[in-house]
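In what follows, a single structure is set out as structure tokens and then discussed.
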Amino acid sequence: MNVPEASHRNDDAAEVLLTVSIATWNNREMAGECLRSVEKGAATLRAEVFVVDNASTDGTAEMIRTDFPSVRLIRNERPLGFSANHNQVLRRAAGRYVLLLNDDTVVIGDALARAVRFMEAHPDAGAVGCTLVRPDGAPERVSQRLPHPLDPICPRLRKRVDPATEPPAGVEAVEVDRWSGACLMVRREVLDRIGLLDEQFDPAYGEDTDLCYRIRKAGRRIYRLPAARVTHHRGRTARREFPDQARRLQEAKFRWYRKHRSRAALWLYKASVAAASLVQIAACAALYLSPRRRNDARHRLRRLWSRIRAVFGRSRF
């Protein structure tokens, strides 16, 4: 299956070290906070910043033009998906490195400079991710490995970031199988080789896992930097744009299995999802009997039912 090809860098490529790509939709306040943190974090770098405004109606584009005149703004006439938005930037990018960054993130300190220095010093690195932290400072439990068919019933297989297993201070990098597209820096020459984000994963979910898989398949390594930290207000954008988030996420995972794994692996994964969901539904049903837990149980039951629908329903892929 083909993915969009990367266009060649322009004549000014040698003058730009980092291209930052941010896509936003009706998220004026958080997009502004994100851009202010990028301005500070990239102040010592030769950087260009792109924002793709995904047909916002809340004045986001006007705010960017007024408050951030150096930002290169791309305005969509209609909403596009995660991959299509960022691919618009990747085709224009002049940087030696390209950073995919969510609009609901805030760069902390010199995280971007640390990531660039690491990439400069490690030519084997195809991509590097900053550690995502919640607003309270605790690390986000992001999976660091590629999908496994038994993930739903054996969560430990995902090797999520865990404060209890974080490396000691002084460890610069941890090699991982994959990292979140919320903050992922990719070497441009690798994109020229493997192609851009696969837009068949749009509107969202799974494209970062697909990209990381292709980077590793091309013989490059992927790292996470524990000391390079970015605050992530997780889910702010997804909850607004994708009301049936659980189903979309599940279907994206099925899509990844169809693209990169065998039919047997796909069906084993579907069986694991169904089994784990049914067990959790039974547990939530018991919680539903408690008036104090009823609202939470109702929300969890809806998400689990969406996963079941994705397993047995007709996939959009």
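Following the order of the structure tokens, first chain is A, next is B, and so on, with residues numbered from 1 inside each chain and ligands from 1 in the order they appear.
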Identify, on the basis of only C-alpha atoms, every residue whose closest approach to Gly137 of chain A does not exceed 10 Å; exclude the query and any residue fewer than 5 positions from it along the same chain; express the result as a PyMOL selection string. chain A and resi 132+229-232
Assign secondary structure with DSSP using the backbone only, and return the residues of segment 18-211 of chain A in alpha helix (DSSP H) as a ChimeraX atom specification. /A:28-41,60-67,82-90,111-121,188-194,207-211
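Closest approach to Ile108 of chain A among A:Ile74, A:Leu35, A:Leu157, A:Ala169 is made by A:Leu35 (distances from only C-alpha atoms).
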Using only C-alpha atoms, which of the listed residues (A:Cys284, A:Ala265, A:Ala23, A:Ala43) sits closest to Asn87 of chain A?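 Smallest separation from Asn87 of chain A among the options: A:Ala23.
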So that I can see what lies close to His299 of chain A, please list as a PyMOL selection string the residues with an atom at most 12 Å from it, counting only C-alpha atoms and leaving out residues fewer than 3 positions away in the same chain. chain A and resi 244+246+281+284-285+287-288+293-296+302-306
DSSP strand (DSSP E) selection over segment 119-283 of chain A, as a ChimeraX atom specification: /A:125-133,174-176,183-187,221-232
Go ahead and write the selection's residues with N, CA and C atoms as a short mmCIF file (atom, residue, chain, number, x, y, z; two decimals), in the first residue's frame.
```cif
data_model
loop_
_atom_site.label_atom_id
_atom_site.label_comp_id
_atom_site.auth_asym_id
_atom_site.auth_seq_id
_atom_site.Cartn_x
_atom_site.Cartn_y
_atom_site.Cartn_z
N ALA A 125 19.53 7.39 14.52
CA ALA A 125 18.17 7.69 14.98
C ALA A 125 17.33 8.20 13.82
N GLY A 126 16.23 7.48 13.55
CA GLY A 126 15.30 7.95 12.54
C GLY A 126 14.29 8.91 13.12
N ALA A 127 14.02 8.74 14.42
CA ALA A 127 13.05 9.61 15.10
C ALA A 127 13.36 9.63 16.59
N VAL A 128 12.92 10.70 17.24
CA VAL A 128 13.07 10.80 18.69
C VAL A 128 11.83 11.49 19.24
N GLY A 129 11.39 11.02 20.40
CA GLY A 129 10.21 11.61 21.03
C GLY A 129 10.55 12.24 22.36
N CYS A 130 9.91 13.36 22.65
CA CYS A 130 10.01 13.95 23.98
C CYS A 130 9.04 13.22 24.91
N THR A 131 9.39 13.13 26.17
CA THR A 131 8.52 12.48 27.15
C THR A 131 7.30 13.35 27.40
N LEU A 132 6.13 12.77 27.25
CA LEU A 132 4.88 13.49 27.47
C LEU A 132 4.49 13.39 28.94
N VAL A 133 4.14 14.53 29.52
CA VAL A 133 3.72 14.55 30.92
C VAL A 133 2.35 15.19 31.04
N VAL A 174 16.16 6.38 25.77
CA VAL A 174 15.67 5.01 25.87
C VAL A 174 15.20 4.60 24.47
N GLU A 175 15.69 3.48 23.96
CA GLU A 175 15.22 3.04 22.65
C GLU A 175 13.82 2.45 22.78
N VAL A 176 12.94 2.80 21.86
CA VAL A 176 11.56 2.34 21.87
C VAL A 176 11.19 1.83 20.48
N CYS A 183 4.19 14.35 19.93
CA CYS A 183 5.48 15.06 19.93
C CYS A 183 6.54 14.08 19.42
N LEU A 184 6.73 14.07 18.12
CA LEU A 184 7.66 13.13 17.50
C LEU A 184 8.51 13.87 16.48
N MET A 185 9.83 13.84 16.66
CA MET A 185 10.76 14.48 15.74
C MET A 185 11.34 13.42 14.82
N VAL A 186 11.23 13.66 13.50
CA VAL A 186 11.64 12.68 12.50
C VAL A 186 12.73 13.29 11.62
N ARG A 187 13.72 12.48 11.28
CA ARG A 187 14.78 12.92 10.37
C ARG A 187 14.21 13.04 8.96
N ARG A 221 16.59 3.63 14.12
CA ARG A 221 16.12 3.44 15.49
C ARG A 221 15.25 4.61 15.94
N ILE A 222 14.46 4.35 16.97
CA ILE A 222 13.58 5.37 17.54
C ILE A 222 13.88 5.46 19.04
N TYR A 223 13.99 6.66 19.54
CA TYR A 223 14.35 6.87 20.94
C TYR A 223 13.35 7.80 21.62
N ARG A 224 13.32 7.72 22.95
CA ARG A 224 12.60 8.67 23.79
C ARG A 224 13.60 9.30 24.74
N LEU A 225 13.47 10.61 24.94
CA LEU A 225 14.36 11.33 25.84
C LEU A 225 13.65 11.61 27.16
N PRO A 226 14.02 10.94 28.25
CA PRO A 226 13.32 11.15 29.52
C PRO A 226 13.37 12.59 30.03
N ALA A 227 14.49 13.29 29.77
CA ALA A 227 14.64 14.64 30.32
C ALA A 227 14.07 15.72 29.43
N ALA A 228 13.71 15.39 28.20
CA ALA A 228 13.07 16.36 27.30
C ALA A 228 11.57 16.19 27.46
N ARG A 229 10.93 17.13 28.09
CA ARG A 229 9.54 16.94 28.51
C ARG A 229 8.60 17.96 27.86
N VAL A 230 7.41 17.46 27.55
CA VAL A 230 6.37 18.28 26.93
C VAL A 230 5.06 17.99 27.64
N THR A 231 4.38 19.01 28.13
CA THR A 231 3.08 18.82 28.78
C THR A 231 2.03 18.53 27.71
N HIS A 232 1.22 17.51 27.97
CA HIS A 232 0.18 17.11 27.02
C HIS A 232 -1.17 17.14 27.72
#
```
Using only C-alpha atoms, which of A:Pro291, A:Gly206, A:Pro167, A:Pro147 sits nearest Arg261 of chain A?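 Distance minimum relative to Arg261 of chain A lands on A:Pro147.
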Between A:Val161, A:Ala275, A:Leu196, A:Ala84, which is the closest to Arg141 of chain A once you count only C-alpha atoms? A:Val161
